[in-house]
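Participant: For reference, the file my_file.cif (mmCIF, C-alpha atoms) is included below:
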data_upload
loop_
_atom_site.label_atom_id
_atom_site.label_comp_id
_atom_site.auth_asym_id
_atom_site.auth_seq_id
_atom_site.Cartn_x
_atom_site.Cartn_y
_atom_site.Cartn_z
CA MET A 1 88.97 89.84 95.03
CA LEU A 2 88.16 86.15 94.89
CA ARG A 3 90.28 83.84 96.97
CA THR A 4 91.97 81.52 94.53
CA GLU A 5 92.92 78.89 97.13
CA SER A 6 89.31 78.13 98.03
CA ILE A 7 88.27 78.29 94.42
CA ASP A 8 91.00 75.90 93.34
CA SER A 9 89.90 73.26 95.83
CA GLY A 10 86.13 73.58 95.45
CA ILE A 11 83.88 72.35 92.64
CA ASN A 12 81.30 75.05 92.22
CA PHE A 13 80.00 77.59 89.74
CA GLY A 14 82.38 80.25 91.11
CA ALA A 15 85.40 78.05 90.53
CA SER A 16 84.71 77.36 86.89
CA PHE A 17 83.72 80.98 86.31
CA TYR A 18 86.95 82.26 87.85
CA ASP A 19 88.95 79.66 85.95
CA ARG A 20 87.30 80.64 82.68
CA PHE A 21 87.81 84.32 83.43
CA PHE A 22 91.47 83.75 84.30
CA ARG A 23 92.14 81.77 81.15
CA SER A 24 90.38 84.38 79.02
CA LEU A 25 92.82 87.07 80.12
CA PRO A 26 95.22 88.03 77.32
CA ASN A 27 98.59 86.29 77.31
CA LYS A 28 101.62 88.49 77.57
CA GLU A 29 105.13 87.81 76.39
CA LEU A 30 107.71 89.78 78.35
CA LYS A 31 109.95 91.60 75.92
CA ASP A 32 112.47 93.67 77.87
CA VAL A 33 113.22 91.18 80.66
CA ALA A 34 116.64 92.63 81.42
CA LYS A 35 115.18 96.06 82.24
CA LEU A 36 112.36 94.49 84.24
CA ASN A 37 114.85 92.46 86.26
CA VAL A 38 117.03 95.50 86.96
CA ILE A 39 114.02 97.43 88.32
CA GLY A 40 112.55 94.40 90.10
CA GLN A 41 115.80 93.38 91.78
CA ALA A 42 116.45 96.98 92.88
CA LEU A 43 112.98 97.21 94.39
CA ALA A 44 113.46 93.82 96.03
CA SER A 45 116.39 95.23 98.00
CA PRO A 46 114.91 96.76 101.17
CA HIS A 47 116.83 100.05 101.12
CA TRP A 48 115.98 100.97 97.51
CA ASN A 49 112.41 99.90 98.12
CA ARG A 50 112.25 102.44 100.97
CA VAL A 51 113.53 105.18 98.63
CA ALA A 52 110.89 104.31 96.01
CA LEU A 53 108.11 104.53 98.58
CA GLY A 54 109.50 107.79 99.98
CA ALA A 55 109.60 109.27 96.48
CA ALA A 56 105.99 108.22 95.86
CA ALA A 57 104.86 109.78 99.13
CA ILE A 58 106.67 113.11 98.67
CA THR A 59 105.15 113.70 95.23
CA THR A 60 101.60 114.08 96.53
CA GLN A 61 101.32 114.11 100.33
CA PRO A 62 102.59 117.64 101.19
CA ALA A 63 100.56 119.16 98.34
CA LEU A 64 97.38 117.34 99.37
CA ASP A 65 97.92 118.50 102.96
CA TYR A 66 98.58 122.09 101.90
CA PHE A 67 95.46 122.30 99.75
CA ASN A 68 93.26 120.40 102.18
CA PRO A 69 89.93 122.30 101.99
CA LYS A 70 88.47 120.58 105.05
CA VAL A 71 90.61 122.39 107.63
CA ASP A 72 91.56 126.02 108.34
CA ARG A 73 94.56 127.45 106.44
CA ASP A 74 96.82 127.48 109.49
CA THR A 75 96.30 123.78 110.28
CA ALA A 76 96.69 122.89 106.60
CA LYS A 77 100.00 124.76 106.33
CA VAL A 78 101.44 123.38 109.58
CA SER A 79 100.46 119.79 108.71
CA ALA A 80 101.94 120.23 105.19
CA ILE A 81 105.22 121.43 106.71
CA ARG A 82 105.32 118.45 109.06
CA THR A 83 104.59 116.00 106.23
CA ALA A 84 107.19 117.60 103.92
CA VAL A 85 109.80 117.18 106.67
CA LYS A 86 108.69 113.76 107.92
CA ILE A 87 108.93 111.95 104.55
CA PRO A 88 112.58 112.81 103.70
CA VAL A 89 113.68 112.25 107.30
CA CYS A 90 112.03 108.82 107.57
CA THR A 91 113.18 107.85 104.07
CA MET A 92 116.78 108.85 104.76
CA VAL A 93 116.95 107.07 108.12
CA GLY A 94 115.16 104.02 106.67
CA PHE A 95 117.55 103.91 103.69
CA ILE A 96 120.67 104.13 105.88
CA ILE A 97 119.51 101.51 108.38
CA ARG A 98 118.30 99.09 105.72
CA GLY A 99 121.54 99.59 103.76
CA LEU A 100 123.71 98.97 106.82
CA SER A 101 121.60 95.95 107.74
CA TYR A 102 122.17 94.53 104.26
CA LYS A 103 125.94 95.02 104.61
CA LEU A 104 125.79 93.22 107.96
CA ALA A 105 123.81 90.33 106.47
CA ASP A 106 126.18 90.19 103.50
CA LYS A 107 129.16 89.93 105.84
CA PHE A 108 127.81 87.09 107.97
CA ILE A 109 125.82 84.97 105.50
CA HIS A 110 127.80 82.69 103.22
CA GLY A 111 126.87 80.18 100.56
CA SER A 112 129.34 77.50 101.64
CA GLU A 113 131.82 76.70 104.40
CA ALA A 114 134.67 77.59 102.08
CA GLU A 115 133.44 81.19 101.98
CA GLY A 116 132.97 81.56 105.75
CA SER A 117 130.58 80.69 108.58
CA ILE A 118 127.35 78.99 107.52
CA LEU A 119 125.55 79.47 110.83
CA PHE A 120 123.08 81.94 109.31
CA THR A 121 122.60 80.07 106.02
CA PRO A 122 119.45 77.92 105.66
CA SER A 123 119.94 74.18 105.16
CA GLU A 124 118.02 74.30 101.87
CA ILE A 125 120.52 76.73 100.35
CA LEU A 126 123.43 74.60 101.56
CA ARG A 127 121.82 71.54 99.94
CA GLU A 128 121.41 73.36 96.60
CA THR A 129 123.91 71.91 94.15
CA ASN A 130 123.37 74.34 91.30
CA LYS A 131 125.68 77.34 91.71
CA GLU A 132 123.40 79.89 90.03
CA LEU A 133 120.27 78.82 91.88
CA ARG A 134 122.16 78.86 95.17
CA ALA A 135 123.38 82.40 94.47
CA SER A 136 119.87 83.69 93.72
CA LYS A 137 118.43 81.94 96.81
CA LEU A 138 121.26 83.33 98.91
CA LYS A 139 120.56 86.85 97.66
CA LEU A 140 116.89 86.53 98.59
CA HIS A 141 117.84 85.21 102.03
CA LYS A 142 120.25 88.11 102.58
CA ASN A 143 117.45 90.56 101.70
CA THR A 144 115.12 88.86 104.16
CA MET A 145 117.67 88.77 106.97
CA SER A 146 118.70 92.39 106.45
CA THR A 147 115.04 93.37 106.59
CA ILE A 148 114.56 91.56 109.88
CA ILE A 149 117.64 93.26 111.34
CA ALA A 150 116.38 96.62 110.04
CA ILE A 151 112.93 96.13 111.60
CA PHE A 152 114.53 95.40 114.96
CA VAL A 153 116.84 98.45 114.77
CA MET A 154 114.01 100.71 113.60
CA MET A 155 111.90 99.83 116.63
CA PHE A 156 114.37 102.08 118.46
CA THR A 157 115.43 104.58 115.78
CA ASN A 158 111.81 105.52 115.04
CA PHE A 159 111.64 106.90 118.58
CA LEU A 160 115.27 107.99 118.94
CA ILE A 161 115.98 109.53 115.50
CA ASP A 162 112.97 109.77 113.14
CA ALA A 163 110.41 111.35 115.47
CA PRO A 164 112.75 113.81 117.28
CA LEU A 165 114.46 114.87 114.04
CA THR A 166 111.08 115.38 112.34
CA THR A 167 109.92 117.49 115.30
CA LYS A 168 113.11 119.57 115.40
CA LEU A 169 113.16 120.33 111.66
CA ALA A 170 109.39 120.84 111.41
CA ASN A 171 109.49 123.29 114.34
CA LYS A 172 112.23 125.26 112.58
CA PHE A 173 110.12 125.62 109.45
CA ILE A 174 106.97 126.34 111.47
CA ASP A 175 108.87 129.16 113.25
CA LYS A 176 109.85 130.58 109.86
CA TYR A 177 106.23 130.41 108.75
CA HIS A 178 105.05 132.11 111.99
CA ASN A 179 107.62 134.88 111.51
CA LYS A 180 106.30 135.70 108.07
CA LYS A 181 104.73 139.16 107.74
CA ASP A 182 101.37 137.87 106.54
CA TYR A 183 100.97 135.34 109.38
CA LYS A 184 97.78 136.15 111.22
CA GLY A 185 98.20 133.70 114.10
CA ALA A 186 96.56 130.35 114.80
CA VAL A 187 92.81 130.36 114.23
CA MET B 188 124.56 76.72 126.59
CA ASN B 189 124.76 75.83 122.90
CA ILE B 190 122.55 78.20 120.93
CA GLU B 191 123.66 77.01 117.50
CA PRO B 192 120.72 74.57 116.98
CA PHE B 193 118.29 77.33 118.00
CA ILE B 194 119.83 79.81 115.51
CA ARG B 195 119.82 77.19 112.74
CA LYS B 196 116.17 76.31 113.42
CA SER B 197 115.17 80.00 113.40
CA ILE B 198 117.05 80.67 110.16
CA ASN B 199 115.39 77.68 108.48
CA TRP B 200 111.96 78.86 109.70
CA ILE B 201 112.55 82.38 108.34
CA TYR B 202 113.71 81.02 104.99
CA LYS B 203 110.72 78.67 104.70
CA HIS B 204 108.25 81.49 105.36
CA PHE B 205 109.83 83.99 102.95
CA GLU B 206 110.85 81.59 100.17
CA LYS B 207 107.87 82.56 98.00
CA GLY B 208 109.67 85.74 96.99
CA SER B 209 110.62 89.26 97.95
CA GLY B 210 106.99 90.41 97.83
CA ALA B 211 106.17 88.61 101.08
CA MET B 212 109.25 90.08 102.74
CA ILE B 213 108.45 93.63 101.63
CA LEU B 214 104.88 93.21 102.90
CA VAL B 215 105.97 92.20 106.39
CA THR B 216 108.61 94.95 106.57
CA SER B 217 106.22 97.61 105.45
CA LEU B 218 103.51 96.54 107.90
CA THR B 219 105.87 96.46 110.87
CA GLY B 220 107.67 99.63 109.86
CA MET B 221 104.41 101.51 109.38
CA GLY B 222 103.04 100.37 112.75
CA VAL B 223 106.10 101.41 114.74
CA SER B 224 106.58 104.64 112.79
CA THR B 225 102.93 105.65 113.35
CA ILE B 226 103.26 105.20 117.12
CA ALA B 227 106.52 107.17 117.23
CA GLN B 228 105.21 110.04 115.10
CA THR B 229 101.94 110.23 117.06
CA CYS B 230 103.90 110.53 120.31
CA ALA B 231 106.02 113.28 118.73
CA ILE B 232 102.89 115.27 117.84
CA ILE B 233 101.39 114.84 121.32
CA PHE B 234 104.52 116.19 123.03
CA ASN B 235 105.28 118.99 120.55
CA LYS B 236 104.46 122.33 122.19
CA LYS B 237 104.60 124.22 118.88
CA TYR B 238 101.24 122.82 117.78
CA THR B 239 98.00 124.35 119.05
CA ASP B 240 95.25 122.12 120.48
CA LYS B 241 93.33 122.59 117.24
CA GLN B 242 96.28 121.50 115.13
CA LYS B 243 96.88 118.51 117.40
CA ALA B 244 93.20 117.60 117.13
CA PHE B 245 93.79 117.27 113.39
CA MET B 246 97.32 115.88 113.22
CA ILE B 247 96.97 113.05 115.77
CA PRO B 248 94.02 111.38 113.97
CA GLN B 249 95.75 112.19 110.66
CA GLU B 250 98.86 110.23 111.66
CA LEU B 251 96.87 107.34 113.18
CA THR B 252 94.52 107.10 110.19
CA GLU B 253 97.46 107.07 107.79
CA GLY B 254 98.97 104.10 109.59
CA ILE B 255 95.67 102.21 109.61
CA ILE B 256 94.98 102.95 105.91
CA ASN B 257 98.45 101.87 104.86
CA ILE B 258 98.13 98.60 106.76
CA CYS B 259 94.59 97.97 105.44
CA SER B 260 95.48 98.77 101.83
CA MET B 261 98.48 96.47 102.11
CA LEU B 262 96.23 93.62 103.18
CA LEU B 263 93.24 94.44 100.97
CA ILE B 264 94.88 95.77 97.79
CA THR B 265 98.60 95.00 97.64
CA LYS B 266 98.52 91.42 98.87
CA PRO B 267 95.60 90.25 96.65
CA ALA B 268 97.19 92.04 93.66
CA GLN B 269 100.48 90.34 94.41
CA ARG B 270 98.74 86.94 94.64
CA PHE B 271 96.93 87.56 91.35
CA VAL B 272 100.07 88.64 89.48
CA ARG B 273 102.00 85.69 90.93
CA LYS B 274 99.31 83.38 89.52
CA LEU B 275 99.64 85.07 86.12
CA VAL B 276 103.38 84.44 86.20
CA LYS B 277 103.37 80.89 87.53
CA THR B 278 100.71 79.71 85.07
CA GLY B 279 102.64 81.24 82.19
CA LYS B 280 100.06 83.91 81.34
CA ILE B 281 102.94 86.34 81.64
CA ALA B 282 106.17 84.71 80.49
CA THR B 283 109.44 85.30 78.74
CA LYS B 284 110.29 83.93 75.32
CA GLN B 285 112.55 81.33 76.94
CA THR B 286 109.80 80.09 79.28
CA LEU B 287 107.28 79.96 76.42
CA GLN B 288 109.73 78.00 74.31
CA TYR B 289 110.26 75.57 77.18
CA MET B 290 106.50 75.15 77.60
CA LYS B 291 106.15 74.44 73.88
CA GLU B 292 108.96 71.87 73.94
CA ASN B 293 107.35 70.09 76.88
CA ASP B 294 103.80 70.09 75.42
CA LEU B 295 102.62 72.61 77.97
CA ALA B 296 101.24 75.21 75.56
CA ASP B 297 97.64 74.35 76.44
CA LYS B 298 98.45 74.60 80.17
CA ARG B 299 98.99 78.35 79.89
CA GLY B 300 96.68 79.97 82.45
CA ALA B 301 95.38 76.59 83.66
CA LYS B 302 94.21 76.19 87.24
CA ASN B 303 96.92 74.88 89.61
CA PHE B 304 99.63 74.93 86.94
CA ASP B 305 103.01 76.11 88.19
CA ILE B 306 105.84 76.27 85.67
CA GLY B 307 108.53 76.54 88.37
CA LEU B 308 107.19 73.49 90.18
CA PHE B 309 106.91 71.61 86.86
CA ILE B 310 110.60 72.18 86.08
CA LYS B 311 111.67 71.09 89.58
CA GLU B 312 109.55 67.93 89.40
CA LYS B 313 110.76 67.17 85.89
CA MET B 314 114.37 67.42 87.04
CA ALA B 315 113.72 65.21 90.06
CA LYS B 316 112.02 62.62 87.83
CA LEU B 317 114.90 62.76 85.36
CA GLU B 318 117.53 62.27 88.04
CA GLY B 319 115.61 59.29 89.43
CA SER B 320 115.19 57.52 86.09
CA GLU B 321 117.37 54.60 85.04
CA GLU B 322 117.77 55.94 81.54
CA PHE B 323 119.27 59.16 82.90
CA SER B 324 121.67 57.41 85.27
CA SER B 325 123.09 55.36 82.42
CA LEU B 326 124.16 58.55 80.60
CA ALA B 327 127.67 59.99 80.77
CA GLN B 328 128.24 62.76 83.35
CA GLU B 329 128.79 65.35 80.64
CA GLU B 330 125.49 64.45 78.99
CA LYS B 331 123.69 64.55 82.36
CA ASN B 332 125.06 68.02 83.12
CA LYS B 333 124.04 69.25 79.69
CA ILE B 334 120.43 68.10 80.15
CA LEU B 335 120.14 69.42 83.71
CA THR B 336 121.71 72.78 82.83
CA GLY B 337 119.06 73.28 80.15
CA HIS B 338 116.27 72.90 82.73
CA LEU B 339 118.11 74.90 85.39
CA ASP B 340 118.70 77.75 83.00
CA VAL B 341 114.96 78.08 82.38
CA LEU B 342 114.22 77.74 86.11
CA ASP B 343 116.79 80.37 87.05
CA ASN B 344 115.49 82.78 84.41
CA TYR B 345 111.91 82.14 85.61
CA SER B 346 112.79 82.62 89.30
CA VAL B 347 114.45 85.99 88.67
CA TYR B 348 111.65 87.52 86.59
CA ALA B 349 108.95 86.05 88.86
CA ASP B 350 110.69 87.63 91.86
CA SER B 351 111.12 90.95 90.00
CA ILE B 352 107.44 91.11 89.03
CA SER B 353 106.44 90.28 92.61
CA ALA B 354 108.64 93.11 93.97
CA ILE B 355 107.34 95.60 91.38
CA THR B 356 103.69 94.72 92.13
CA THR B 357 104.16 95.09 95.88
CA THR B 358 105.98 98.40 95.52
CA ALA B 359 103.37 99.75 93.09
CA GLY B 360 100.56 98.81 95.50
CA SER B 361 102.32 100.46 98.44
CA ALA B 362 103.15 103.54 96.37
CA LEU B 363 99.52 103.91 95.30
CA SER B 364 98.44 103.68 98.92
CA LEU B 365 101.07 106.15 100.16
CA ALA B 366 100.66 108.68 97.38
CA VAL B 367 96.91 108.69 96.79
CA LEU B 368 94.71 106.67 99.13
CA ALA B 369 96.31 107.45 102.49
CA PRO B 370 96.57 111.26 102.15
CA LEU B 371 93.05 111.66 100.75
CA ILE B 372 91.30 109.46 103.29
CA ARG B 373 93.38 110.47 106.32
CA ASN B 374 92.80 114.21 105.68
CA SER B 375 89.06 113.70 105.39
CA VAL B 376 88.83 111.49 108.52
CA ALA B 377 91.15 113.72 110.57
CA ALA B 378 89.16 116.85 109.66
CA LYS B 379 85.99 115.20 110.98
CA TYR B 380 87.75 114.18 114.19
CA GLN B 381 89.13 117.68 114.59
CA LYS B 382 85.62 119.13 114.40
CA VAL B 383 84.25 116.62 116.92
CA ASN B 384 87.19 117.10 119.29
CA MET B 385 87.08 120.88 119.08
CA ASN B 386 83.33 120.90 119.80
CA ARG B 387 83.96 118.68 122.80
CA LEU B 388 86.78 120.94 124.00
CA GLN B 389 84.57 124.00 123.52
CA LYS B 390 81.81 122.34 125.54
CA HIS B 391 84.18 121.48 128.37
CA TYR B 392 85.56 124.98 128.36
CA GLN B 393 82.02 126.42 128.47
CA GLU B 394 81.08 124.16 131.38
CA TYR B 395 84.25 125.16 133.20
CA GLU B 396 83.49 128.84 132.65
CA ASN B 397 79.89 128.41 133.82
CA ARG B 398 81.05 126.62 136.95
CA LYS B 399 83.49 129.43 137.65
CA ILE B 400 80.69 132.01 137.34
CA TYR B 401 78.39 129.90 139.52
CA ASN B 402 81.08 129.48 142.21
CA THR B 403 81.88 133.21 142.24
CA ASP B 404 78.18 134.03 142.52
CA SER B 405 77.73 131.64 145.43
CA LEU B 406 80.68 133.25 147.16
CA LYS B 407 79.06 136.65 146.75
CA ILE B 408 75.91 135.40 148.44
#
For this file, produce the structure as structure tokens.
Facilitator:
Amino acid sequence: MLRTESIDSGINFGASFYDRFFRSLPNKELKDVAKLNVIGQALASPHWNRVALGAAAITTQPALDYFNPKVDRDTAKVSAIRTAVKIPVCTMVGFIIRGLSYKLADKFIHGSEAEGSILFTPSEILRETNKELRASKLKLHKNTMSTIIAIFVMMFTNFLIDAPLTTKLANKFIDKYHNKKDYKGAV
Amino acid sequence: MNIEPFIRKSINWIYKHFEKGSGAMILVTSLTGMGVSTIAQTCAIIFNKKYTDKQKAFMIPQELTEGIINICSMLLITKPAQRFVRKLVKTGKIATKQTLQYMKENDLADKRGAKNFDIGLFIKEKMAKLEGSEEFSSLAQEEKNKILTGHLDVLDNYSVYADSISAITTTAGSALSLAVLAPLIRNSVAAKYQKVNMNRLQKHYQEYENRKIYNTDSLKI
């Protein structure tokens, strides 16, 4: 990928080529903006974004682990079990923590002094005179702040909840797999 | 001690560095989350007694490689894609009917896709210029509001869809990495590591056995 910043500032063959290439790309008029905004704004919220990524991971990862031809069957099955447990556990914990963090940010961040404390509101948002623009900037700021809170909390929960819960549940399923009649033992 | 100025300064710094849109925020979250999660899950594998040495020899590099791939693909695929799509949006290559209409009304039709053109910035500058002009100040308040609302409406509409497209691009990039790239590459790399590690373990075990035989023999003598 070409770096547009350096291209924009330099006068060279690459710059004009990239510029020409960029301009030659077909123009697109967005038709269903309402739908796009619904999806986009949902994905912009940290907790729903985590769910989307969890859903993407669960669709392929356990299957690819299970059918991994490069390892013995026992390792493939055990790693598939661990992956199939890890993804929902991490997604669920991530969703809850991000959601709670958003509620916390929503409670303490206000658009004006009339609404509550403005200690956690950036000066630029407070200076914004247009009501609609201020609301959209405030929403973005709440997302950012909730994400920062979530990152801090997850530094601990990854070790205290995610990893132990994954181990506990994975071990349960691995035991079930080991107790199966056709289990021939680890290779 | 008064910590209010410190909090205010930090909040302003955070806002300044994430103001470009949710994409940047998602990127930072994902990178940090992935890093911490990888360390935690690797530790969990190391201390889990249910896994055999052979399984651990596969699963530890598998977990570590996944973390590295996710971080690399974020920086090498997701972020450049996000930058490219943002350029498409801000230059009007991808735009709504309302934005296109606004561009037409302001003689910006030929600027579509032009280097360094930013429709959002144009609207902001246009409004600032308007508010600073003498002609505008002589207008009645109602008239002023009407003109400004027209520009703000386009800017608000633009900001929302630009932010939505940025969030969708970032999520799509991360999803591609998580669903396809990471599992395929990590399984291949981890399998190689498992082979190397198991050979090394086998060698150590052989050496240990040989030493045991040698020591027993020497005792016999």
Participant: For this structure, which residues satisfy the selection - the PyMOL selection byres ((chain A) within 7 of (chain B)) - when it is evaluated on the file as given? I want them as a PDB file with C-alpha atoms, keeping the file's coordinate frame.
Facilitator:
ATOM      1  CA  MET A   1      88.970  89.840  95.030  1.00  0.00           C
ATOM      2  CA  ASP A   8      91.000  75.900  93.340  1.00  0.00           C
ATOM      3  CA  ASP A  19      88.950  79.660  85.950  1.00  0.00           C
ATOM      4  CA  PHE A  22      91.470  83.750  84.300  1.00  0.00           C
ATOM      5  CA  ARG A  23      92.140  81.770  81.150  1.00  0.00           C
ATOM      6  CA  ASN A  27      98.590  86.290  77.310  1.00  0.00           C
ATOM      7  CA  LYS A  28     101.620  88.490  77.570  1.00  0.00           C
ATOM      8  CA  GLU A  29     105.130  87.810  76.390  1.00  0.00           C
ATOM      9  CA  LEU A  30     107.710  89.780  78.350  1.00  0.00           C
ATOM     10  CA  LYS A  31     109.950  91.600  75.920  1.00  0.00           C
ATOM     11  CA  LEU A  36     112.360  94.490  84.240  1.00  0.00           C
ATOM     12  CA  ASN A  37     114.850  92.460  86.260  1.00  0.00           C
ATOM     13  CA  GLY A  40     112.550  94.400  90.100  1.00  0.00           C
ATOM     14  CA  GLN A  41     115.800  93.380  91.780  1.00  0.00           C
ATOM     15  CA  LEU A  43     112.980  97.210  94.390  1.00  0.00           C
ATOM     16  CA  ALA A  44     113.460  93.820  96.030  1.00  0.00           C
ATOM     17  CA  LEU A  53     108.110 104.530  98.580  1.00  0.00           C
ATOM     18  CA  ALA A  56     105.990 108.220  95.860  1.00  0.00           C
ATOM     19  CA  ALA A  57     104.860 109.780  99.130  1.00  0.00           C
ATOM     20  CA  THR A  60     101.600 114.080  96.530  1.00  0.00           C
ATOM     21  CA  GLN A  61     101.320 114.110 100.330  1.00  0.00           C
ATOM     22  CA  LEU A  64      97.380 117.340  99.370  1.00  0.00           C
ATOM     23  CA  LYS A  70      88.470 120.580 105.050  1.00  0.00           C
ATOM     24  CA  VAL A  71      90.610 122.390 107.630  1.00  0.00           C
ATOM     25  CA  THR A  75      96.300 123.780 110.280  1.00  0.00           C
ATOM     26  CA  SER A  79     100.460 119.790 108.710  1.00  0.00           C
ATOM     27  CA  LEU A 119     125.550  79.470 110.830  1.00  0.00           C
ATOM     28  CA  PHE A 120     123.080  81.940 109.310  1.00  0.00           C
ATOM     29  CA  THR A 121     122.600  80.070 106.020  1.00  0.00           C
ATOM     30  CA  PRO A 122     119.450  77.920 105.660  1.00  0.00           C
ATOM     31  CA  SER A 123     119.940  74.180 105.160  1.00  0.00           C
ATOM     32  CA  LEU A 133     120.270  78.820  91.880  1.00  0.00           C
ATOM     33  CA  LEU A 140     116.890  86.530  98.590  1.00  0.00           C
ATOM     34  CA  HIS A 141     117.840  85.210 102.030  1.00  0.00           C
ATOM     35  CA  THR A 144     115.120  88.860 104.160  1.00  0.00           C
ATOM     36  CA  THR A 147     115.040  93.370 106.590  1.00  0.00           C
ATOM     37  CA  ILE A 151     112.930  96.130 111.600  1.00  0.00           C
ATOM     38  CA  MET A 155     111.900  99.830 116.630  1.00  0.00           C
ATOM     39  CA  ASN A 158     111.810 105.520 115.040  1.00  0.00           C
ATOM     40  CA  PHE A 159     111.640 106.900 118.580  1.00  0.00           C
ATOM     41  CA  ALA A 163     110.410 111.350 115.470  1.00  0.00           C
ATOM     42  CA  PRO A 164     112.750 113.810 117.280  1.00  0.00           C
ATOM     43  CA  THR A 167     109.920 117.490 115.300  1.00  0.00           C
ATOM     44  CA  ASN A 171     109.490 123.290 114.340  1.00  0.00           C
TER      45      ASN A 171
END
Participant: I'd like the interatomic distance between atom CA of A:Ile125 and atom CA of A:Ala105, to a tenth of an Å.
Facilitator: 15.3 Å
Participant: So what do you get for atom CA of B:Phe323 versus atom CA of A:Glu124, distance-wise?
Facilitator: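 Between these atoms lies a distance of 24.3 Å.
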Participant: Could you jot down the atom CA of A:Ala150 to atom CA of A:Ser45 separation for me, Å, one decimal place?
Facilitator: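 Going from atom CA of A:Ala150 over to atom CA of A:Ser45, I get 12.1 Å.
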Participant: Selection in question (the file shown): the PyMOL selection byres ((chain A and resi 112) around 10). Which residues does it include, as a CSV table (one decimal) with C-alpha atoms, keeping the file's coordinate frame?
Facilitator:
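Dumped to expr_14.csv:
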chain,number,residue,atom,x,y,z
A,109,ILE,CA,125.8,85.0,105.5
A,110,HIS,CA,127.8,82.7,103.2
A,111,GLY,CA,126.9,80.2,100.6
A,113,GLU,CA,131.8,76.7,104.4
A,114,ALA,CA,134.7,77.6,102.1
A,115,GLU,CA,133.4,81.2,102.0
A,116,GLY,CA,133.0,81.6,105.8
A,117,SER,CA,130.6,80.7,108.6
A,118,ILE,CA,127.4,79.0,107.5
A,121,THR,CA,122.6,80.1,106.0
A,125,ILE,CA,120.5,76.7,100.4
A,126,LEU,CA,123.4,74.6,101.6
A,127,ARG,CA,121.8,71.5,99.9
A,134,ARG,CA,122.2,78.9,95.2
